[in-house]
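Printed here is run25.cif (mmCIF, C-alpha atoms):
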```
data_target
#
loop_
_atom_site.label_atom_id
_atom_site.label_comp_id
_atom_site.auth_asym_id
_atom_site.auth_seq_id
_atom_site.Cartn_x
_atom_site.Cartn_y
_atom_site.Cartn_z
CA MET A 1 14.95 -16.65 13.51
CA THR A 2 15.72 -14.89 10.23
CA THR A 3 15.63 -11.11 10.54
CA VAL A 4 14.04 -8.86 7.91
CA LEU A 5 14.47 -5.08 7.84
CA VAL A 6 11.09 -3.42 7.17
CA THR A 7 11.34 0.23 6.21
CA GLY A 8 8.08 2.03 6.90
CA GLY A 9 7.03 -0.89 9.06
CA ALA A 10 5.02 1.34 11.41
CA GLY A 11 2.63 2.32 8.62
CA TYR A 12 -0.64 0.78 7.46
CA ILE A 13 0.62 -1.84 5.02
CA GLY A 14 4.10 -2.19 6.52
CA SER A 15 2.74 -3.08 9.97
CA HIS A 16 0.48 -5.74 8.50
CA ALA A 17 3.50 -7.13 6.65
CA CYS A 18 5.39 -7.30 9.95
CA LYS A 19 2.61 -9.40 11.45
CA ALA A 20 2.67 -11.71 8.42
CA LEU A 21 6.46 -12.01 8.70
CA ALA A 22 6.26 -12.95 12.39
CA LYS A 23 3.58 -15.52 11.62
CA ALA A 24 5.91 -17.05 8.99
CA GLY A 25 8.77 -17.31 11.49
CA TYR A 26 10.73 -14.14 10.73
CA THR A 27 11.74 -11.31 13.07
CA PRO A 28 10.79 -7.96 11.52
CA VAL A 29 13.00 -5.00 12.45
CA VAL A 30 11.04 -1.83 11.78
CA TYR A 31 12.93 1.19 10.46
CA ASP A 32 10.59 4.18 10.55
CA SER A 33 10.78 7.93 11.15
CA LEU A 34 7.24 7.88 12.63
CA VAL A 35 6.35 10.92 10.55
CA TYR A 36 3.30 9.00 9.31
CA GLY A 37 3.81 5.67 11.06
CA HIS A 38 2.64 4.78 14.58
CA GLU A 39 4.70 3.38 17.42
CA TRP A 40 1.68 1.38 18.62
CA ALA A 41 1.72 -0.55 15.32
CA VAL A 42 5.18 -2.03 16.02
CA LYS A 43 4.32 -5.25 17.84
CA TRP A 44 6.39 -8.11 16.41
CA GLY A 45 9.97 -6.91 16.59
CA PRO A 46 12.19 -3.97 17.52
CA LEU A 47 11.66 -0.41 16.33
CA GLU A 48 14.63 1.55 15.03
CA ARG A 49 13.78 5.20 14.47
CA GLY A 50 15.48 6.84 11.53
CA ASP A 51 15.04 8.73 8.29
CA ILE A 52 15.19 6.80 5.04
CA LEU A 53 17.60 9.47 3.71
CA ASP A 54 20.12 8.82 6.51
CA VAL A 55 22.61 6.35 5.04
CA GLN A 56 24.71 6.25 8.20
CA ARG A 57 21.73 5.43 10.40
CA LEU A 58 20.60 2.75 7.96
CA ALA A 59 24.09 1.25 7.99
CA GLU A 60 24.12 1.20 11.80
CA VAL A 61 20.76 -0.59 11.96
CA ILE A 62 21.79 -3.14 9.32
CA ALA A 63 25.06 -3.81 11.13
CA ALA A 64 23.26 -4.23 14.47
CA HIS A 65 20.56 -6.62 13.27
CA ARG A 66 22.18 -8.31 10.25
CA PRO A 67 18.96 -8.83 8.26
CA ALA A 68 18.76 -11.40 5.50
CA ALA A 69 16.52 -9.20 3.35
CA VAL A 70 14.65 -5.90 3.21
CA MET A 71 10.99 -5.03 2.70
CA HIS A 72 10.79 -1.42 1.56
CA PHE A 73 7.54 0.41 2.35
CA ALA A 74 8.94 3.79 3.45
CA ALA A 75 7.45 6.43 1.14
CA PHE A 76 5.24 9.48 1.08
CA ALA A 77 1.98 8.46 -0.57
CA TYR A 78 -0.47 11.36 -0.85
CA VAL A 79 -1.19 11.83 -4.54
CA GLY A 80 -2.55 15.37 -4.24
CA GLU A 81 0.35 16.51 -2.08
CA SER A 82 2.80 15.07 -4.59
CA VAL A 83 1.38 17.40 -7.24
CA ILE A 84 1.71 20.43 -4.97
CA ASP A 85 5.15 19.53 -3.60
CA PRO A 86 6.89 17.12 -5.99
CA ALA A 87 10.32 17.88 -4.51
CA LYS A 88 9.25 16.29 -1.24
CA TYR A 89 8.24 13.11 -3.05
CA TYR A 90 11.25 12.76 -5.31
CA ARG A 91 13.61 13.46 -2.41
CA ASN A 92 12.04 10.99 0.00
CA ASN A 93 10.81 8.26 -2.29
CA VAL A 94 13.64 8.22 -4.85
CA LEU A 95 16.67 9.55 -3.00
CA GLY A 96 15.57 7.69 0.13
CA THR A 97 15.56 4.44 -1.82
CA LEU A 98 19.03 5.20 -3.15
CA SER A 99 20.19 5.73 0.45
CA LEU A 100 18.74 2.36 1.41
CA LEU A 101 20.37 0.65 -1.57
CA ASP A 102 23.73 2.22 -0.73
CA ALA A 103 23.50 0.86 2.81
CA MET A 104 22.46 -2.56 1.51
CA ARG A 105 25.32 -2.75 -0.98
CA ALA A 106 27.86 -1.77 1.66
CA ALA A 107 26.59 -4.60 3.87
CA GLY A 108 26.38 -7.19 1.10
CA LEU A 109 22.59 -7.35 1.45
CA ASP A 110 21.07 -8.37 -1.89
CA LYS A 111 17.37 -9.19 -1.42
CA LEU A 112 14.59 -6.57 -1.55
CA VAL A 113 10.79 -6.65 -1.80
CA PHE A 114 9.55 -3.23 -2.91
CA SER A 115 6.15 -1.70 -2.21
CA SER A 116 5.07 -0.27 -5.56
CA THR A 117 1.66 0.82 -6.82
CA CYS A 118 -0.84 0.74 -9.64
CA ALA A 119 -0.28 4.52 -9.86
CA THR A 120 2.71 3.72 -12.08
CA TYR A 121 0.26 2.82 -14.87
CA GLY A 122 -1.49 6.17 -14.98
CA VAL A 123 -4.68 6.12 -17.06
CA PRO A 124 -4.82 2.65 -18.64
CA ALA A 125 -5.90 2.07 -22.22
CA THR A 126 -7.53 -1.25 -21.25
CA THR A 127 -8.47 -3.17 -18.12
CA PRO A 128 -7.73 -5.41 -16.36
CA ILE A 129 -4.17 -4.14 -16.33
CA ARG A 130 -1.30 -6.53 -16.94
CA GLU A 131 2.26 -6.01 -15.71
CA ASP A 132 3.64 -5.43 -19.21
CA ASP A 133 1.06 -2.75 -20.07
CA PRO A 134 2.46 0.78 -20.54
CA GLN A 135 3.45 2.68 -17.41
CA ALA A 136 2.69 6.39 -17.73
CA PRO A 137 2.07 7.87 -14.27
CA ILE A 138 0.09 11.11 -14.11
CA ASN A 139 1.37 12.42 -10.78
CA PRO A 140 4.74 12.71 -9.01
CA TYR A 141 3.83 9.99 -6.50
CA GLY A 142 3.35 7.42 -9.25
CA ALA A 143 6.38 8.74 -11.10
CA SER A 144 8.56 8.37 -8.00
CA LYS A 145 7.55 4.73 -7.64
CA LEU A 146 8.22 4.06 -11.31
CA MET A 147 11.65 5.65 -10.95
CA VAL A 148 12.43 3.26 -8.12
CA GLU A 149 11.33 0.31 -10.24
CA ARG A 150 13.79 1.45 -12.94
CA ILE A 151 16.55 1.86 -10.36
CA LEU A 152 15.94 -1.68 -9.10
CA ALA A 153 16.13 -3.02 -12.65
CA ASP A 154 19.46 -1.27 -13.22
CA TYR A 155 20.84 -2.44 -9.87
CA ARG A 156 19.81 -5.97 -10.75
CA VAL A 157 22.00 -5.88 -13.85
CA ALA A 158 24.92 -3.89 -12.44
CA TYR A 159 25.16 -5.11 -8.86
CA GLY A 160 23.27 -8.40 -8.68
CA LEU A 161 20.45 -7.06 -6.52
CA ARG A 162 17.65 -9.60 -6.31
CA SER A 163 14.44 -7.62 -6.02
CA VAL A 164 10.75 -7.73 -6.83
CA ALA A 165 8.21 -4.91 -6.96
CA LEU A 166 4.61 -5.53 -5.92
CA ARG A 167 2.16 -3.14 -7.57
CA TYR A 168 -0.99 -3.17 -5.54
CA PHE A 169 -4.27 -1.58 -6.29
CA ASN A 170 -6.64 -0.30 -3.56
CA ALA A 171 -5.47 -1.62 -0.20
CA ALA A 172 -8.46 -2.01 2.08
CA GLY A 173 -9.60 -3.47 5.38
CA CYS A 174 -7.75 -4.12 8.63
CA ASP A 175 -6.18 -7.01 10.48
CA PRO A 176 -8.95 -9.61 10.99
CA ASP A 177 -7.71 -10.16 14.57
CA GLY A 178 -8.20 -6.48 15.36
CA GLU A 179 -4.54 -5.89 16.28
CA LEU A 180 -3.82 -3.41 13.49
CA GLY A 181 -5.78 -0.91 11.48
CA GLU A 182 -5.77 2.02 9.12
CA GLU A 183 -4.93 5.37 10.69
CA HIS A 184 -3.87 8.14 8.32
CA ASP A 185 -3.78 11.86 8.98
CA PRO A 186 -5.14 13.20 6.76
CA GLU A 187 -7.29 10.25 5.71
CA THR A 188 -7.83 9.98 1.96
CA HIS A 189 -8.89 6.36 1.43
CA LEU A 190 -12.46 5.62 0.46
CA ILE A 191 -13.36 2.89 2.95
CA PRO A 192 -12.34 4.63 6.21
CA LEU A 193 -14.00 7.83 4.98
CA VAL A 194 -17.21 5.97 4.18
CA LEU A 195 -17.17 4.33 7.60
CA GLU A 196 -16.56 7.69 9.29
CA ALA A 197 -19.66 8.98 7.51
CA ALA A 198 -21.61 5.92 8.68
CA ALA A 199 -20.41 6.54 12.24
CA GLY A 200 -21.46 10.19 12.13
CA LEU A 201 -17.88 11.44 12.37
CA ARG A 202 -18.17 13.41 9.16
CA PRO A 203 -21.30 14.85 7.58
CA SER A 204 -21.04 12.87 4.35
CA ILE A 205 -18.80 11.12 1.89
CA THR A 206 -18.14 12.99 -1.35
CA VAL A 207 -18.42 11.00 -4.57
CA TYR A 208 -16.40 12.64 -7.30
CA GLY A 209 -18.43 12.12 -10.45
CA ASP A 210 -21.49 10.00 -11.21
CA ASP A 211 -21.42 10.30 -14.98
CA TYR A 212 -18.63 7.89 -15.89
CA ALA A 213 -19.12 5.16 -18.49
CA THR A 214 -19.78 2.53 -15.81
CA PRO A 215 -23.01 0.75 -14.86
CA ASP A 216 -23.89 3.23 -12.09
CA GLY A 217 -21.82 6.19 -13.26
CA THR A 218 -19.23 6.06 -10.46
CA CYS A 219 -15.60 4.99 -10.76
CA ILE A 220 -14.77 1.29 -10.48
CA ARG A 221 -11.71 0.21 -8.51
CA ASP A 222 -10.01 -3.03 -7.48
CA TYR A 223 -9.95 -3.52 -3.69
CA VAL A 224 -7.55 -5.98 -2.08
CA HIS A 225 -7.40 -6.79 1.63
CA VAL A 226 -4.33 -5.41 3.37
CA SER A 227 -3.63 -8.80 4.98
CA ASP A 228 -3.55 -10.37 1.53
CA ILE A 229 -1.07 -7.73 0.40
CA ALA A 230 1.06 -8.50 3.45
CA GLU A 231 0.98 -12.20 2.66
CA ALA A 232 2.14 -11.51 -0.90
CA HIS A 233 5.21 -9.75 0.45
CA VAL A 234 6.11 -12.77 2.54
CA GLN A 235 5.61 -15.10 -0.41
CA ALA A 236 7.80 -12.89 -2.60
CA LEU A 237 10.50 -12.86 0.08
CA GLN A 238 10.38 -16.64 0.42
CA ALA A 239 10.70 -17.02 -3.36
CA LEU A 240 13.75 -14.74 -3.40
CA GLN A 241 15.33 -16.71 -0.56
CA ALA A 242 14.67 -19.95 -2.42
CA GLY A 243 16.54 -18.63 -5.45
CA ALA A 244 13.50 -18.40 -7.69
CA GLU A 245 13.82 -16.39 -10.89
CA LEU A 246 11.01 -13.92 -10.36
CA ARG A 247 9.73 -11.32 -12.78
CA PRO A 248 10.57 -7.72 -11.87
CA ALA A 249 7.01 -6.83 -10.82
CA TYR A 250 3.64 -8.33 -9.95
CA ASN A 251 0.15 -6.88 -9.70
CA LEU A 252 -1.78 -7.46 -6.49
CA GLY A 253 -5.51 -7.14 -7.04
CA GLY A 254 -8.34 -9.01 -8.65
CA GLY A 255 -10.30 -9.26 -5.42
CA ALA A 256 -13.35 -7.01 -5.18
CA VAL A 257 -13.76 -4.96 -8.36
CA LEU A 258 -16.54 -2.55 -7.45
CA SER A 259 -17.83 0.95 -8.06
CA VAL A 260 -17.74 3.68 -5.45
CA ALA A 261 -21.51 3.40 -5.17
CA ASP A 262 -21.21 -0.36 -4.63
CA VAL A 263 -18.75 0.19 -1.75
CA ILE A 264 -21.03 2.75 -0.12
CA ALA A 265 -24.03 0.39 -0.37
CA ALA A 266 -22.00 -2.49 1.06
CA ALA A 267 -20.80 -0.28 3.92
CA SER A 268 -24.37 0.58 4.79
CA ALA A 269 -25.29 -3.10 4.83
CA VAL A 270 -22.28 -4.11 6.95
CA THR A 271 -22.70 -1.34 9.51
CA GLY A 272 -26.50 -1.24 9.53
CA ARG A 273 -26.28 2.54 9.16
CA ALA A 274 -27.08 5.00 6.43
CA VAL A 275 -24.11 6.60 4.69
CA PRO A 276 -24.79 10.25 3.77
CA VAL A 277 -23.51 11.04 0.28
CA ALA A 278 -22.60 14.36 -1.33
CA MET A 279 -22.01 14.51 -5.06
CA GLY A 280 -18.97 16.31 -6.38
CA ALA A 281 -17.54 17.03 -9.80
CA ARG A 282 -15.13 14.68 -11.50
CA ARG A 283 -11.47 15.04 -10.58
CA PRO A 284 -8.90 15.37 -13.35
CA GLY A 285 -7.05 12.14 -14.04
CA ASP A 286 -9.53 9.72 -12.47
CA PRO A 287 -9.95 6.78 -14.90
CA PRO A 288 -13.43 5.26 -15.07
CA VAL A 289 -12.10 1.77 -14.31
CA LEU A 290 -8.92 0.43 -12.69
CA SER A 291 -8.57 -3.29 -12.16
CA ALA A 292 -5.72 -5.76 -12.06
CA ASP A 293 -4.84 -8.96 -13.81
CA ALA A 294 -3.04 -10.68 -10.93
CA SER A 295 -2.59 -14.06 -12.62
CA ARG A 296 1.21 -13.78 -12.65
CA ALA A 297 1.31 -13.46 -8.86
CA ALA A 298 -0.85 -16.57 -8.66
CA ASP A 299 1.37 -18.48 -11.09
CA ASP A 300 4.79 -17.47 -9.77
CA LEU A 301 4.17 -16.76 -6.07
CA GLY A 302 1.17 -18.94 -5.38
CA TRP A 303 -0.64 -15.79 -4.21
CA ARG A 304 -4.41 -15.64 -4.15
CA PRO A 305 -6.52 -13.31 -2.01
CA ARG A 306 -7.87 -15.05 1.10
CA HIS A 307 -10.28 -12.19 1.80
CA PRO A 308 -11.64 -11.31 -1.66
CA HIS A 309 -15.05 -9.99 -0.59
CA ILE A 310 -15.70 -6.31 0.09
CA GLU A 311 -17.90 -7.29 3.05
CA ASP A 312 -14.88 -8.85 4.80
CA MET A 313 -12.77 -5.76 4.13
CA LEU A 314 -15.50 -3.45 5.42
CA ALA A 315 -16.28 -5.58 8.46
CA SER A 316 -12.64 -5.71 9.56
CA ALA A 317 -12.27 -1.95 9.07
CA TRP A 318 -15.53 -1.27 10.93
CA THR A 319 -14.43 -3.46 13.85
CA TRP A 320 -11.16 -1.56 14.02
CA GLN A 321 -12.91 1.80 14.02
CA GLN A 322 -15.37 0.74 16.70
CA ARG A 323 -12.55 -0.49 18.94
CA GLN A 324 -10.87 2.89 18.77
CA GLY A 325 -13.70 4.60 20.65
CA ASN A 326 -13.44 8.27 19.78
CA LEU A 327 -12.03 7.88 16.31
CA ARG A 328 -10.29 10.75 14.61
CA PRO A 329 -12.44 13.91 14.54
CA ALA A 330 -14.47 14.76 11.49
CA ARG A 331 -12.65 17.03 9.10
CA ALA A 332 -14.02 19.89 7.14
CA ALA A 333 -12.76 18.49 3.85
CA ASN A 334 -14.39 15.25 2.71
CA ARG A 335 -11.50 13.92 0.67
CA THR A 336 -11.41 10.50 -0.90
CA SER A 337 -8.98 8.76 -3.21
CA ALA A 338 -10.51 6.71 -5.99
CA ILE A 339 -7.10 5.38 -6.98
#
```
Would you mind writing the file out in structure tokens?
Amino acid sequence: MTTVLVTGGAGYIGSHACKALAKAGYTPVVYDSLVYGHEWAVKWGPLERGDILDVQRLAEVIAAHRPAAVMHFAAFAYVGESVIDPAKYYRNNVLGTLSLLDAMRAAGLDKLVFSSTCATYGVPATTPIREDDPQAPINPYGASKLMVERILADYRVAYGLRSVALRYFNAAGCDPDGELGEEHDPETHLIPLVLEAAAGLRPSITVYGDDYATPDGTCIRDYVHVSDIAEAHVQALQALQAGAELRPAYNLGGGAVLSVADVIAAASAVTGRAVPVAMGARRPGDPPVLSADASRAADDLGWRPRHPHIEDMLASAWTWQQRQGNLRPARAANRTSAI
């Protein structure tokens, strides 16, 4: 079977991509430092431990497994931390990608699917966001991803690298079969935090602002099932292998475009439990609405969300949490990411 190197393949989205790759007939080789990834999430191919900054280790793994392509998920992804410690993010996310590209070039490996983000857009002037709308990130995390997109564009021209960046919006849910789930430490994503509040593992979920210019006053975001994101990566890889002339980047979203209050209400309905809510002040930089125009991914990749309903995302995440027994302990800080 064709081998694909998956950097960050022990993480939330990367592990789901590995399952999708295996289902499509590929062998995923996970390259992960396990700083944030989990060894238990590596189920469909070998695990090679290593740092994304270690060019020699990357070269050894590529030489040993001879992959046909790379899926690049390895990145630090805490927005708030990136503001406090930008050096960490530029070093890992940007220099780490350069290390990977150096190892790929040395091995003659020329196909890459890159895990990008809607954070490259910053605060949009209009929604839904299209791929050619201005990119003006407002934090070092988003800036680091945009820098990588620019690097890939330059490598395409100079070295013939065939790459595509997938900019996804709010990844949500867990593997419908219950084999994989979301496990971050610290947890910052809205849905797992809401479900922890429903389960009594934290006193409440904090909603940051209820006075936005939206129907219920809370921020509106675009939620896309993690398994759909994984499938898009496989479709992008297959298009690259087929020699398709892809655009440099595609949005992944357009599934469940809902307010924070809508998600909380849906979580209560799915779990049959009340979700305690605490109101907080607005956070700087949170746009009222973020949503994607994903029509290009549909046109060029044939990608359409198979799990577009928030109830499916919540139900799969709730099943995962319940199967874990004693989930992660409640934390003093009720942090959530609206982006």
Q | Computed interatomic separation between atom CA of A:Tyr159 and atom CA of A:Ser99 (Å) | A | 15.1 Å
Q: Rank A:Pro305, A:Gly243, A:Gly160, A:Gly285 by their smallest atom-to-atom distance to A:Pro124, using all atoms listed in the file, and report the top residue only.
A: A:Gly285
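Across the model, the gap from atom CA of A:Tyr250 to atom CA of A:Trp44 is 26.5 Å.
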Q.
Evaluated on this file, the PyMOL selection byres ((chain A and resi 2) around 9) picks out some residues - which ones are they, written as a ChimeraX atom specification?
A. /A:1,3-4,25-28,67-69
Q. Do you know which residues are at most 6 Å from A:Leu258 counting all atoms listed in the file, after dropping those on the same chain fewer than 3 positions away, and could you put them as a PyMOL selection string?
A. chain A and resi 220-221+262
Distance query 12 Å from (-10.8, 6.7, -14.7) using all atoms listed in the file, result as a PDB file with C-alpha atoms, keeping the file's coordinate frame:
```
ATOM      1  CA  ALA A 119      -0.280   4.520  -9.860  1.00  0.00           C
ATOM      2  CA  TYR A 121       0.260   2.820 -14.870  1.00  0.00           C
ATOM      3  CA  GLY A 122      -1.490   6.170 -14.980  1.00  0.00           C
ATOM      4  CA  VAL A 123      -4.680   6.120 -17.060  1.00  0.00           C
ATOM      5  CA  PRO A 124      -4.820   2.650 -18.640  1.00  0.00           C
ATOM      6  CA  ALA A 125      -5.900   2.070 -22.220  1.00  0.00           C
ATOM      7  CA  THR A 126      -7.530  -1.250 -21.250  1.00  0.00           C
ATOM      8  CA  THR A 127      -8.470  -3.170 -18.120  1.00  0.00           C
ATOM      9  CA  ILE A 138       0.090  11.110 -14.110  1.00  0.00           C
ATOM     10  CA  TYR A 208     -16.400  12.640  -7.300  1.00  0.00           C
ATOM     11  CA  GLY A 209     -18.430  12.120 -10.450  1.00  0.00           C
ATOM     12  CA  ASP A 210     -21.490  10.000 -11.210  1.00  0.00           C
ATOM     13  CA  ASP A 211     -21.420  10.300 -14.980  1.00  0.00           C
ATOM     14  CA  TYR A 212     -18.630   7.890 -15.890  1.00  0.00           C
ATOM     15  CA  ALA A 213     -19.120   5.160 -18.490  1.00  0.00           C
ATOM     16  CA  THR A 214     -19.780   2.530 -15.810  1.00  0.00           C
ATOM     17  CA  GLY A 217     -21.820   6.190 -13.260  1.00  0.00           C
ATOM     18  CA  THR A 218     -19.230   6.060 -10.460  1.00  0.00           C
ATOM     19  CA  CYS A 219     -15.600   4.990 -10.760  1.00  0.00           C
ATOM     20  CA  ILE A 220     -14.770   1.290 -10.480  1.00  0.00           C
ATOM     21  CA  ARG A 221     -11.710   0.210  -8.510  1.00  0.00           C
ATOM     22  CA  SER A 259     -17.830   0.950  -8.060  1.00  0.00           C
ATOM     23  CA  VAL A 260     -17.740   3.680  -5.450  1.00  0.00           C
ATOM     24  CA  ARG A 282     -15.130  14.680 -11.500  1.00  0.00           C
ATOM     25  CA  ARG A 283     -11.470  15.040 -10.580  1.00  0.00           C
ATOM     26  CA  PRO A 284      -8.900  15.370 -13.350  1.00  0.00           C
ATOM     27  CA  GLY A 285      -7.050  12.140 -14.040  1.00  0.00           C
ATOM     28  CA  ASP A 286      -9.530   9.720 -12.470  1.00  0.00           C
ATOM     29  CA  PRO A 287      -9.950   6.780 -14.900  1.00  0.00           C
ATOM     30  CA  PRO A 288     -13.430   5.260 -15.070  1.00  0.00           C
ATOM     31  CA  VAL A 289     -12.100   1.770 -14.310  1.00  0.00           C
ATOM     32  CA  LEU A 290      -8.920   0.430 -12.690  1.00  0.00           C
ATOM     33  CA  SER A 291      -8.570  -3.290 -12.160  1.00  0.00           C
ATOM     34  CA  SER A 337      -8.980   8.760  -3.210  1.00  0.00           C
ATOM     35  CA  ALA A 338     -10.510   6.710  -5.990  1.00  0.00           C
ATOM     36  CA  ILE A 339      -7.100   5.380  -6.980  1.00  0.00           C
TER      37      ILE A 339
END
```
**Q.** Residues within 12 Å of A:Tyr89, only C-alpha atoms, excluding chain neighbours under 3 positions, as a ChimeraX atom specification
**A.** /A:74-86,92-97,139-145,147-148
Q | Result set of the PyMOL selection byres ((chain A and resi 131) around 9) on the coordinates above, as number ranges by chain | A | A: 129-130, 132-135, 167, 249-251, 292-294, 296
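If you look at atom CA of A:Met104 and atom CA of A:Val29, they are 14.7 Å away from each other.
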(Q) Residues within 10 Å of A:Asp177, please, as a ChimeraX atom specification. Count only C-alpha atoms; anything in the same chain fewer than 2 positions from it doesn't count. (A) /A:174-175,179-181,316,319-320
